[in-house]
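Chemist: If it helps, the file is called my_file07.cif and holds mmCIF, C-alpha atoms:
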```cif
data_start
loop_
_atom_site.group_PDB
_atom_site.id
_atom_site.type_symbol
_atom_site.label_atom_id
_atom_site.label_comp_id
_atom_site.auth_asym_id
_atom_site.auth_seq_id
_atom_site.Cartn_x
_atom_site.Cartn_y
_atom_site.Cartn_z
ATOM 1 C CA MET A 1 -23.179 -30.434 -9.355
ATOM 2 C CA ILE A 2 -26.264 -29.842 -7.194
ATOM 3 C CA ALA A 3 -24.071 -29.133 -4.164
ATOM 4 C CA GLY A 4 -22.038 -26.676 -6.222
ATOM 5 C CA VAL A 5 -25.151 -24.822 -7.399
ATOM 6 C CA LEU A 6 -26.535 -24.657 -3.845
ATOM 7 C CA GLY A 7 -23.188 -23.391 -2.602
ATOM 8 C CA LEU A 8 -23.162 -20.684 -5.285
ATOM 9 C CA ILE A 9 -26.705 -19.616 -4.346
ATOM 10 C CA VAL A 10 -25.740 -19.372 -0.661
ATOM 11 C CA LEU A 11 -22.615 -17.388 -1.533
ATOM 12 C CA CYS A 12 -24.619 -14.966 -3.678
ATOM 13 C CA GLY A 13 -27.111 -14.546 -0.831
ATOM 14 C CA ILE A 14 -24.301 -13.734 1.608
ATOM 15 C CA ILE A 15 -22.792 -11.183 -0.788
ATOM 16 C CA VAL A 16 -26.160 -9.486 -1.353
ATOM 17 C CA ALA A 17 -26.807 -9.372 2.400
ATOM 18 C CA MET A 18 -23.389 -7.851 3.086
ATOM 19 C CA LEU A 19 -23.846 -5.236 0.360
ATOM 20 C CA ALA A 20 -27.265 -4.334 1.738
ATOM 21 C CA ARG A 21 -25.906 -4.053 5.248
ATOM 22 C CA GLY A 22 -22.934 -1.982 4.120
ATOM 23 C CA SER A 23 -25.229 0.440 2.297
ATOM 24 C CA GLN A 24 -27.457 0.888 5.356
ATOM 25 C CA ARG A 25 -27.081 4.295 7.036
ATOM 26 C CA ASP A 26 -28.056 5.458 10.519
ATOM 27 C CA GLU A 27 -27.851 9.076 11.652
ATOM 28 C CA LEU A 28 -26.759 9.678 15.247
ATOM 29 C CA VAL A 29 -25.811 12.670 17.356
ATOM 30 C CA GLY A 30 -22.322 12.261 18.770
ATOM 31 C CA VAL A 31 -20.361 14.251 21.326
ATOM 32 C CA VAL A 32 -16.586 14.623 21.138
ATOM 33 C CA GLU A 33 -15.106 12.829 24.154
ATOM 34 C CA GLN A 34 -11.416 13.175 23.386
ATOM 35 C CA VAL A 35 -8.839 13.468 20.627
ATOM 36 C CA ARG A 36 -5.528 11.722 20.171
ATOM 37 C CA TRP A 37 -2.624 12.258 17.807
ATOM 38 C CA GLU A 38 0.449 10.223 17.022
ATOM 39 C CA ARG A 39 3.422 11.159 14.869
ATOM 40 C CA ALA A 40 6.160 8.808 13.706
ATOM 41 C CA ILE A 41 9.547 9.134 12.001
ATOM 42 C CA PRO A 42 11.245 6.070 10.491
ATOM 43 C CA ILE A 43 14.961 5.560 11.167
ATOM 44 C CA GLU A 44 17.006 4.028 8.363
ATOM 45 C CA ALA A 45 20.396 2.345 8.210
ATOM 46 C CA LEU A 46 22.418 0.592 5.532
ATOM 47 C CA VAL A 47 21.489 -3.079 5.636
ATOM 48 C CA GLU A 48 22.963 -5.903 3.592
ATOM 49 C CA VAL A 49 20.201 -7.456 1.492
ATOM 50 C CA GLU A 50 20.364 -10.593 -0.639
ATOM 51 C CA TYR A 51 18.744 -10.902 -4.070
ATOM 52 C CA GLN A 52 18.907 -13.238 -7.056
ATOM 53 C CA ASP A 53 19.214 -12.274 -10.715
ATOM 54 C CA TRP A 54 20.916 -13.135 -13.990
ATOM 55 C CA ARG A 55 24.661 -12.570 -13.719
ATOM 56 C CA ASP A 56 24.784 -9.975 -16.515
ATOM 57 C CA GLU A 57 22.064 -7.902 -14.775
ATOM 58 C CA ILE A 58 23.634 -7.799 -11.307
ATOM 59 C CA PRO A 59 24.862 -4.331 -10.196
ATOM 60 C CA ALA A 60 28.602 -3.856 -10.588
ATOM 61 C CA ASP A 61 29.125 -3.057 -6.886
ATOM 62 C CA ALA A 62 27.306 -6.171 -5.636
ATOM 63 C CA ALA A 63 28.996 -9.094 -3.885
ATOM 64 C CA ILE A 64 28.124 -12.153 -5.982
ATOM 65 C CA GLY A 65 27.394 -15.412 -4.168
ATOM 66 C CA ALA A 66 26.427 -18.848 -5.496
ATOM 67 C CA CYS A 67 25.550 -19.251 -9.180
ATOM 68 C CA ARG A 68 23.796 -21.984 -11.133
ATOM 69 C CA GLN A 69 22.742 -22.636 -14.705
ATOM 70 C CA ALA A 70 19.039 -21.942 -15.203
ATOM 71 C CA PHE A 71 16.638 -21.767 -18.140
ATOM 72 C CA ARG A 72 16.318 -18.148 -19.306
ATOM 73 C CA TYR A 73 14.399 -18.053 -22.604
ATOM 74 C CA GLU A 74 13.617 -19.930 -25.822
ATOM 75 C CA SER A 75 15.172 -19.124 -29.184
ATOM 76 C CA SER A 76 14.181 -20.228 -32.654
ATOM 77 C CA GLU A 77 17.846 -20.305 -33.671
ATOM 78 C CA PRO A 78 20.794 -22.078 -32.062
ATOM 79 C CA VAL A 79 22.772 -19.813 -29.724
ATOM 80 C CA PRO A 80 25.636 -20.460 -27.324
ATOM 81 C CA ASN A 81 24.775 -22.413 -24.168
ATOM 82 C CA SER A 82 21.469 -23.686 -25.550
ATOM 83 C CA GLU A 83 19.765 -27.066 -25.729
ATOM 84 C CA GLU A 84 17.777 -28.202 -28.764
ATOM 85 C CA ILE A 85 14.285 -29.477 -27.961
ATOM 86 C CA CYS A 86 12.247 -30.989 -30.788
ATOM 87 C CA GLY A 87 8.627 -32.021 -30.929
ATOM 88 C CA THR A 88 7.058 -35.115 -32.436
ATOM 89 C CA PRO A 89 7.585 -35.387 -36.228
ATOM 90 C CA TYR A 90 4.483 -34.850 -38.340
ATOM 91 C CA THR A 91 3.615 -34.717 -42.037
ATOM 92 C CA VAL A 92 2.652 -31.695 -44.088
ATOM 93 C CA ASP A 93 0.759 -32.159 -47.364
ATOM 94 C CA GLU A 94 2.613 -30.221 -50.074
ATOM 95 C CA GLY A 95 -0.395 -30.319 -52.425
ATOM 96 C CA SER A 96 1.391 -32.375 -55.086
ATOM 97 C CA GLY A 97 0.513 -35.780 -53.772
ATOM 98 C CA TYR A 98 3.553 -35.891 -51.562
ATOM 99 C CA ALA A 99 3.814 -35.239 -47.849
ATOM 100 C CA GLU A 100 6.864 -33.866 -46.094
ATOM 101 C CA VAL A 101 7.901 -35.031 -42.654
ATOM 102 C CA VAL A 102 8.754 -32.039 -40.506
ATOM 103 C CA GLN A 103 9.741 -31.515 -36.925
ATOM 104 C CA ASP A 104 9.492 -28.274 -34.939
ATOM 105 C CA CYS A 105 12.481 -27.459 -32.769
ATOM 106 C CA VAL A 106 13.315 -24.695 -30.318
ATOM 107 C CA TYR A 107 16.434 -23.939 -28.357
ATOM 108 C CA ARG A 108 16.293 -23.584 -24.603
ATOM 109 C CA VAL A 109 18.895 -21.029 -23.632
ATOM 110 C CA TYR A 110 20.557 -21.276 -20.238
ATOM 111 C CA ALA A 111 22.446 -18.651 -18.281
ATOM 112 C CA GLU A 112 23.965 -18.112 -14.850
ATOM 113 C CA SER A 113 21.501 -17.167 -12.138
ATOM 114 C CA CYS A 114 23.315 -15.871 -9.059
ATOM 115 C CA THR A 115 22.582 -14.662 -5.579
ATOM 116 C CA TYR A 116 24.154 -11.348 -4.654
ATOM 117 C CA LYS A 117 24.278 -8.932 -1.748
ATOM 118 C CA VAL A 118 24.036 -5.146 -1.778
ATOM 119 C CA SER A 119 23.711 -2.516 0.927
ATOM 120 C CA GLU A 120 20.427 -0.608 0.965
ATOM 121 C CA TRP A 121 18.830 1.982 3.192
ATOM 122 C CA GLN A 122 16.052 0.260 5.110
ATOM 123 C CA VAL A 123 13.884 1.100 8.098
ATOM 124 C CA VAL A 124 15.439 -0.356 11.258
ATOM 125 C CA ASP A 125 13.417 1.561 13.849
ATOM 126 C CA THR A 126 10.530 4.006 14.229
ATOM 127 C CA ILE A 127 10.338 6.727 16.854
ATOM 128 C CA THR A 128 6.907 8.009 17.862
ATOM 129 C CA THR A 129 5.313 10.596 20.072
ATOM 130 C CA SER A 130 1.653 11.052 20.937
ATOM 131 C CA GLY A 131 -0.707 13.283 22.852
ATOM 132 C CA THR A 132 -4.306 14.180 23.603
ATOM 133 C CA ASP A 133 -4.173 17.894 22.798
ATOM 134 C CA TYR A 134 -4.485 19.886 19.571
ATOM 135 C CA ASN A 135 -0.796 20.677 19.035
ATOM 136 C CA PRO A 136 0.951 17.622 17.554
ATOM 137 C CA GLN A 137 4.751 17.600 17.790
ATOM 138 C CA TRP A 138 7.287 15.597 15.841
ATOM 139 C CA PRO A 139 9.525 13.325 17.915
ATOM 140 C CA THR A 140 13.189 14.231 18.341
ATOM 141 C CA ALA A 141 15.402 11.691 16.625
ATOM 142 C CA SER A 142 18.632 10.623 18.317
ATOM 143 C CA LEU A 143 20.539 8.972 15.493
ATOM 144 C CA ALA A 144 23.313 6.452 15.930
ATOM 145 C CA GLU A 145 26.305 6.392 13.605
ATOM 146 C CA GLY A 146 25.301 5.240 10.119
ATOM 147 C CA GLN A 147 21.630 6.089 10.591
ATOM 148 C CA ARG A 148 19.407 8.709 8.988
ATOM 149 C CA GLN A 149 15.803 9.834 9.160
ATOM 150 C CA GLY A 150 13.550 8.230 6.555
ATOM 151 C CA GLN A 151 11.268 10.211 4.287
ATOM 152 C CA GLU A 152 7.949 8.499 5.086
ATOM 153 C CA TRP A 153 6.956 10.563 8.116
ATOM 154 C CA SER A 154 3.405 9.834 9.243
ATOM 155 C CA GLU A 155 0.755 11.165 11.565
ATOM 156 C CA THR A 156 -2.553 9.815 12.822
ATOM 157 C CA LEU A 157 -5.249 12.195 14.038
ATOM 158 C CA THR A 158 -8.141 10.445 15.789
ATOM 159 C CA VAL A 159 -11.354 11.853 17.246
ATOM 160 C CA TRP A 160 -13.436 9.792 19.689
ATOM 161 C CA PHE A 161 -17.195 10.344 19.764
ATOM 162 C CA GLU A 162 -19.812 9.024 22.173
ATOM 163 C CA ALA A 163 -23.308 8.397 20.811
ATOM 164 C CA ASP A 164 -26.070 6.415 22.540
ATOM 165 C CA GLY A 165 -23.579 4.743 24.852
ATOM 166 C CA THR A 166 -21.236 3.657 22.039
ATOM 167 C CA GLN A 167 -17.799 5.043 21.188
ATOM 168 C CA TYR A 168 -16.826 5.747 17.583
ATOM 169 C CA ALA A 169 -13.355 6.560 16.273
ATOM 170 C CA TYR A 170 -12.927 8.938 13.338
ATOM 171 C CA GLN A 171 -9.686 9.534 11.433
ATOM 172 C CA VAL A 172 -8.992 13.134 10.384
ATOM 173 C CA ASN A 173 -6.617 13.995 7.546
ATOM 174 C CA GLU A 174 -5.908 17.687 8.116
ATOM 175 C CA LEU A 175 -4.655 19.363 11.291
ATOM 176 C CA ASN A 176 -6.960 22.378 10.789
ATOM 177 C CA ASP A 177 -9.964 20.046 10.682
ATOM 178 C CA PHE A 178 -8.651 18.131 13.694
ATOM 179 C CA GLN A 179 -8.566 21.290 15.801
ATOM 180 C CA SER A 180 -12.269 21.923 15.136
ATOM 181 C CA PHE A 181 -13.295 18.805 17.086
ATOM 182 C CA GLN A 182 -13.401 20.470 20.491
ATOM 183 C CA PRO A 183 -14.415 18.420 23.556
ATOM 184 C CA GLY A 184 -18.153 18.479 24.195
ATOM 185 C CA SER A 185 -19.066 19.711 20.718
ATOM 186 C CA GLN A 186 -21.951 17.906 19.003
ATOM 187 C CA TRP A 187 -21.717 16.316 15.557
ATOM 188 C CA SER A 188 -24.050 14.442 13.232
ATOM 189 C CA LEU A 189 -22.610 10.947 12.731
ATOM 190 C CA THR A 190 -23.358 8.636 9.820
ATOM 191 C CA VAL A 191 -22.926 4.962 10.760
ATOM 192 C CA ASN A 192 -23.241 2.046 8.310
ATOM 193 C CA GLY A 193 -24.868 -1.318 8.948
ATOM 194 C CA PHE A 194 -21.617 -2.765 10.270
ATOM 195 C CA GLY A 195 -21.408 -0.111 12.979
ATOM 196 C CA ASN A 196 -18.575 1.783 11.285
ATOM 197 C CA LEU A 197 -18.494 5.568 11.314
ATOM 198 C CA VAL A 198 -18.438 6.720 7.674
ATOM 199 C CA GLY A 199 -19.144 10.448 7.915
ATOM 200 C CA VAL A 200 -19.391 13.366 10.322
ATOM 201 C CA GLU A 201 -20.857 16.867 10.109
ATOM 202 C CA GLN A 202 -20.802 19.529 12.771
ATOM 203 C CA GLN A 203 -24.156 20.562 14.075
ATOM 204 C CA PRO A 204 -25.020 24.270 13.945
#
```
Output the structure of this file as structure tokens.
Modeler:
Amino acid sequence: MIAGVLGLIVLCGIIVAMLARGSQRDELVGVVEQVRWERAIPIEALVEVEYQDWRDEIPADAAIGACRQAFRYESSEPVPNSEEICGTPYTVDEGSGYAEVVQDCVYRVYAESCTYKVSEWQVVDTITTSGTDYNPQWPTASLAEGQRQGQEWSETLTVWFEADGTQYAYQVNELNDFQSFQPGSQWSLTVNGFGNLVGVEQQP
């Protein structure tokens, strides 16, 4: 018990120290060294995927594989393909000087659980393009037969600052904002106690 209490105290101390360090803020002046962008398009194809479900809930177009009987739910009444399970008998005082012996029972209902295969669109490849200018371009997709472009297109816009001999990376969400980080421009950087860049503001 003593070891557990000491361990809890140490853990609390570590958490408090980490919170204090994470809340620490240092203000630095950073200069934009370079920018980099990357854009990606996922490529999808129909892939056969295996799942498992109750037979009566499997899609009609699925190819059903192996099946087995498995417990599905409990019922208070007997139903087809069920097994009666009863607890230990016990007595209930009826209030008239007599006691009735009763036994609680439930019915474990079983059903077929099967594996099945269906074809689904899944990401099989990702094409990317990148650059160090301010005009990101989407890659050109060369699709094979049976492939299509996915919907989750993504881009990463990164600005690299130098401040006091240290490099800091900053992720930008909007292209218009990205284009304002011109090389050599000076920015006020907010860095937390872990050395992570948490905020930037352009200097006048």
Chemist: Within 6 Å of region 153-163 of chain A, counting only C-alpha atoms, which residues qualify if same-chain residues fewer than 5 places away don't, as a PDB file with C-alpha atoms, in the frame of the given file?
Modeler:
```pdb
ATOM      1  CA  GLY A  30     -22.322  12.261  18.770  1.00  0.00           C
ATOM      2  CA  VAL A  31     -20.361  14.251  21.326  1.00  0.00           C
ATOM      3  CA  VAL A  32     -16.586  14.623  21.138  1.00  0.00           C
ATOM      4  CA  GLU A  33     -15.106  12.829  24.154  1.00  0.00           C
ATOM      5  CA  GLN A  34     -11.416  13.175  23.386  1.00  0.00           C
ATOM      6  CA  VAL A  35      -8.839  13.468  20.627  1.00  0.00           C
ATOM      7  CA  ARG A  36      -5.528  11.722  20.171  1.00  0.00           C
ATOM      8  CA  TRP A  37      -2.624  12.258  17.807  1.00  0.00           C
ATOM      9  CA  GLU A  38       0.449  10.223  17.022  1.00  0.00           C
ATOM     10  CA  ARG A  39       3.422  11.159  14.869  1.00  0.00           C
ATOM     11  CA  ALA A  40       6.160   8.808  13.706  1.00  0.00           C
ATOM     12  CA  ILE A  41       9.547   9.134  12.001  1.00  0.00           C
ATOM     13  CA  TYR A 168     -16.826   5.747  17.583  1.00  0.00           C
ATOM     14  CA  ALA A 169     -13.355   6.560  16.273  1.00  0.00           C
ATOM     15  CA  TYR A 170     -12.927   8.938  13.338  1.00  0.00           C
ATOM     16  CA  GLN A 171      -9.686   9.534  11.433  1.00  0.00           C
ATOM     17  CA  VAL A 172      -8.992  13.134  10.384  1.00  0.00           C
TER      18      VAL A 172
END
```
Chemist: Could you check how far CA of Leu46 (chain A) sits from CA of Glu145 (chain A), in Å to one decimal?
Modeler: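 Straight-line distance from CA of Leu46 (chain A) to CA of Glu145 (chain A) works out to 10.7 Å.
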Chemist: Return as AutoDock Vina command-line options the centre and edge lengths, in Å with one decimal, of the box along x, y and z that encloses every atom of region 88-107 of chain A in the file, padded by 6 Å per side.
Modeler:
```
--center_x 8.0 --center_y -29.9 --center_z -41.7 --size_x 28.8 --size_y 24.0 --size_z 38.7
```
Chemist: Could you state which residues are captured by the PyMOL selection byres ((chain A and resi 200) around 6) in this file, as a list in words?
Modeler: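 Written out, the selection comes to Ser188, Leu189, Gly199 and Glu201 of chain A.
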Chemist: I'd like the residues picked by the PyMOL selection byres ((chain A and resi 106) around 8) written out as a compact mmCIF listing (two decimals) with C-alpha atoms, in the coordinates of the input, using the chain letters and numbers from the file.
Modeler:
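Wrote part_9.txt, looks like this:
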```txt
# COMPACT_ATOMS: atom_id res chain seq x y z
CA GLU A 74 13.62 -19.93 -25.82
CA SER A 75 15.17 -19.12 -29.18
CA SER A 76 14.18 -20.23 -32.65
CA GLU A 77 17.85 -20.30 -33.67
CA GLU A 84 17.78 -28.20 -28.76
CA ILE A 85 14.28 -29.48 -27.96
CA CYS A 86 12.25 -30.99 -30.79
CA ASP A 104 9.49 -28.27 -34.94
CA CYS A 105 12.48 -27.46 -32.77
CA TYR A 107 16.43 -23.94 -28.36
CA ARG A 108 16.29 -23.58 -24.60
```
Chemist: What residues come out when you apply the PyMOL selection byres ((chain A and resi 146) around 9) to this file, written as JSON, numbers by chain?
Modeler: {"A": [44, 45, 46, 143, 144, 145, 147, 148]}
Chemist: Identify, on the basis of all atoms listed in the file, every residue whose closest approach to Pro204 (chain A) does not exceed 9 Å; exclude the query and any residue fewer than 2 positions from it along the same chain; express the result as a PDB file with C-alpha atoms, in the frame of the given file.
Modeler:
```
ATOM      1  CA  GLN A 186     -21.951  17.906  19.003  1.00  0.00           C
ATOM      2  CA  TRP A 187     -21.717  16.316  15.557  1.00  0.00           C
ATOM      3  CA  GLN A 202     -20.802  19.529  12.771  1.00  0.00           C
TER       4      GLN A 202
END
```
Chemist: Given only C-alpha atoms as the basis, pick out the residue of A:Ala141, A:Ser130, A:Gln52, A:Gln203 nearest to Ser185 (chain A).
Modeler: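 So, comparing all the options, the nearest one is A:Gln203.
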Chemist: In Å, how far is it from CA of Trp121 (chain A) to CA of Arg55 (chain A)?
Modeler: 23.1 Å
Chemist: With distances taken over all atoms listed in the file, which of A:Val29, A:Leu8, A:Val47, A:Leu197 is nearest to Val124 (chain A)?
Modeler: A:Val47
Chemist: As a PyMOL selection string, please: the residues near Val118 (chain A) (cut-off 12 Å, all atoms listed in the file, same-chain neighbours under 6 positions excluded).
Modeler: chain A and resi 46-52+58-65
Chemist: Using only C-alpha atoms, can you tell me which of A:Ala111, A:Ile43, A:Val92, A:Leu28 comes closest to Gln69 (chain A)?
Modeler: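 Of the candidates, the smallest distance to Gln69 (chain A) is held by A:Ala111.
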